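As structure tokens, the structure follows; a few thoughts come after it.
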Amino acid sequence: MAEDWTMHPRYYTREHEWVTVHGELATIGITKFAAEQLGDVVFVELPEKGKSFTRGDDMAVVESVKAASDVYAPVSGEVVDVNGELEGAPERVNEAPDADGWFCVLKIADADELKTLMDEEAYTKFCADEAS
Amino acid sequence: MAETDTSDLRQTPLHDLHLELGGKMVPFAGYEMPVQYREGVRAEHLWCRQQASLFDVSHMGPCFLFLKDGLGKPGAHERIAAHLERLVPSNIAGLKPGQARLTVLLNGEGGILDDLIVTRLPDASLDGMLYIVVNGAVKHDDWARIERELGDVVSLQRADDRLLVALQGPDAESVIAPHFPEAVELGFMRCAHVQKDGERYMISRAGYTGEDGFELLLPSNETGLGLVKTLLDDRRVKPSGLGARDSLRLEAGLCLYGHDMDASRDPVEADLAWVIQKSRRERADFPGAERILKALGEGPAERRVGIRPLERAPAREGTEIQVDGEKVGVITSGGFGPSVDGPVAMGYVRAELSAPGTPLELMVRGKPRPAEVAALPFVAHRYKRKS
């Protein structure tokens with residue numbers, strides 16, 4: 001990939017969102033585990049640019065053939081960019097949940113909130129526990 | 001994701017097979033059922049429209065209803081039909097041997113308690129026996145009601161310990177032909193009662209996907225399981241879960257009980273007035289006949305319609321329907337139609353807004369989204385009718 005933001009430190013929530021931190025910005029998406037659970041994604045409702053969220057707010061909605069699921073803000077912040085490609089190609093969320101299927105970029109309001117999130121190792125264990 | 005206690009749930013005879021096939025099991029109608037297999041809802045849905053899909057519907061309520069006295073005697077069908085017609089508004093007496101018909105169980109006010117398929121057994125020796133399939137979620141209530149109302153003259157034998165599977169799709173006929181040659185001869189809504197190797201099978205040319213296909217009531221032993229596995233070994237057949245069953249029936253414009261109709265709706269509102277044949281309208285002798293005939297004459301206040309969201313966002317069950325900011329109805333089934341390749345829905349709107357093309361707004365997550373009334377079905381039915 002041209003951009004290497006995916007190489008920056010990545011954190012995870014218990015609701016299966018991922019957060020990749022690059023400076024004061026955080027790119028957000030849902031994990032492969034979540035995408036597999038959802039099945040075929042047919043629609044993504046993204047937040048509006050400029051809107052601010054508090055950690056835990058409903059920020060986006062991802063719809064599969066079967067159901068709609070909320071995506072929560074993993075950290076507080078203002079939306080500075082959204083992945084407009086998902087409008088025409090929601091299947092990117094299934095194809096590449098960790099990369100091209102990203103949802104939006106937040107300007108982080110409080111970096112301390114990142115400390116409450118899981119790192120990759122902890123998240124992998126969390127998923128294994130949840131699946132068993 | 002919500003954790004659900006599965007300890008009280010029943011399993012169908014195909015449970016182990018579902019797990020082997022990668023079925024994702026969810027609670028449904030008191031059973032653990034596969035919502036999808038490995039390929040997912042969209043692929044399973046499209047496969048059914050192109051080839052053939054096998055659905056486990058053993059959670060449903062198949063049963064046999066028969067006269068306590070006089071089975072197989074002249075006039076036996078007319079007599080059991082007269083009993084059942086006290087509970088349903090369809091012409092059961094007029095069923096030919098082997099013919100099936102959709103009807104509804106009504107309460108005293110004409111509200112719909114369930115929809116069901118009633119079949120007259122094809123065998124003359126079993127005249128006076130009906131094969132009935134009711135919905136899984138309400139089967140215990142249905143059966144209790146039938147026994148309470150008719151139990152002095154008829155017996156009800158449950159058959160939900162057997163295997164009930166649906167084979168649906170354009171290849172269903174050629175897939176089933178080597179196993180049951182008699183199935184090929186059946187037209188839509190016709191049933192064969194096959195006895196082979198000491199086992200009995202009910203084979204109905206019916207289903208709930210809009211495609212040609214069959215519903216098979218099989219013994220829940222090695223013979224029945226073996227047949228299901230043999231069907232699945234056919235390269236034209238893939239297993240399909242409840243997710244695809246729901247999107248297929250929605251595209252086909254077919255009602256799901258408890259969603260698109262319930263005890264608060266009568267058959268006219270539900271756009272099911274066609275289940276009330278002329279002879280029954282004339283006799284006006286079914287439960288709630290007064291309300292239903294009034295609705296037939298004057299038109300209902302609300303009507304079930306197809307609804308096509310004009311943007312990409314699906315509108316789910318419970319979504320409010322508005323015109324000019326005023327509530328005019330509600331979505332009762334909604335999702336994404338893989339064959340339509342877009343969102344599809346059904347719901348109730350005021351009768352004056354029920355013409356196809358009428359613009360509506362759907363309040364999806366608080367925002368109005370454009371939609372219009374659409375003719376049903378969204379995908380044309382491909383039943384094989386034979387005279």
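Each chain in the structure tokens gets a letter, A, B, ..., in the order shown, and its residues are numbered from 1; ligands are numbered from 1 in order too.
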
Which residues in segment 25-221 of chain B does DSSP call helix (DSSP H, G or I)? List them as an MDAnalysis selection string.
chainID B and resid 41:50 76:84 124:126 136:150 172:176 181:184

Report as a PyMOL selection string the set of chain A residues whose atoms approach chain B to within 10 Å, with distances computed over only C-alpha atoms.
chain A and resi 15-16+34+36-45+61-69+87-88+130

Atom pair atom CA of Gly98 of chain B / atom CA of Lys73 of chain B: separation (Å)
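Interatomic distance, atom CA of Gly98 of chain B to atom CA of Lys73 of chain B: 16.9 Å.
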
Calculated over only C-alpha atoms, which of the candidates A:Glu17, A:Glu78, A:Asp100, A:Glu24 has the smallest distance to Asp112 of chain A?
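Among the listed residues, A:Glu24 lies closest to Asp112 of chain A.
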
Residues near Ala111 of chain A, cut-off 12 Å, only C-alpha atoms, skip fewer than 6 positions along chain, as a list in words
Val19, Val21, His22, Gly23, Glu24, Leu25, Ala26, Arg55, Pro74, Val75, Ser76, Gly77 and Leu117 of chain A

May I ask which of the residues A:Met7, A:Leu46, A:Leu86, A:Ala96 is the closest one to Asp70 of chain A, counting only C-alpha atoms?
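Checking each of A:Met7, A:Leu46, A:Leu86, A:Ala96 against Asp70 of chain A, counting only C-alpha atoms, the winner is A:Leu46.
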
Long-range neighbours of segment 174-186 of chain B as an MDAnalysis selection string, 7 Å cut-off, only C-alpha atoms, 5 positions minimum in chain
chainID B and resid 191:192 203 205

Mind dumping the selected residues with N, CA, C and O atoms as an mmCIF file, in the first residue's frame?
data_model
loop_
_atom_site.group_PDB
_atom_site.id
_atom_site.type_symbol
_atom_site.label_atom_id
_atom_site.label_comp_id
_atom_site.auth_asym_id
_atom_site.auth_seq_id
_atom_site.Cartn_x
_atom_site.Cartn_y
_atom_site.Cartn_z
ATOM 1 N N CYS B 191 -49.260 -32.437 -3.807
ATOM 2 C CA CYS B 191 -48.510 -33.245 -2.857
ATOM 3 C C CYS B 191 -48.606 -34.727 -3.208
ATOM 4 O O CYS B 191 -49.655 -35.204 -3.623
ATOM 5 N N ALA B 192 -47.497 -35.443 -3.068
ATOM 6 C CA ALA B 192 -47.487 -36.891 -3.225
ATOM 7 C C ALA B 192 -47.177 -37.532 -1.879
ATOM 8 O O ALA B 192 -46.384 -36.993 -1.101
ATOM 9 N N ILE B 203 -44.310 -35.344 -0.043
ATOM 10 C CA ILE B 203 -43.537 -34.498 -0.954
ATOM 11 C C ILE B 203 -44.467 -33.457 -1.551
ATOM 12 O O ILE B 203 -45.380 -33.787 -2.308
ATOM 13 N N ARG B 205 -44.996 -29.873 -3.703
ATOM 14 C CA ARG B 205 -44.339 -28.907 -4.592
ATOM 15 C C ARG B 205 -44.700 -27.516 -4.091
ATOM 16 O O ARG B 205 -45.708 -26.920 -4.505
#
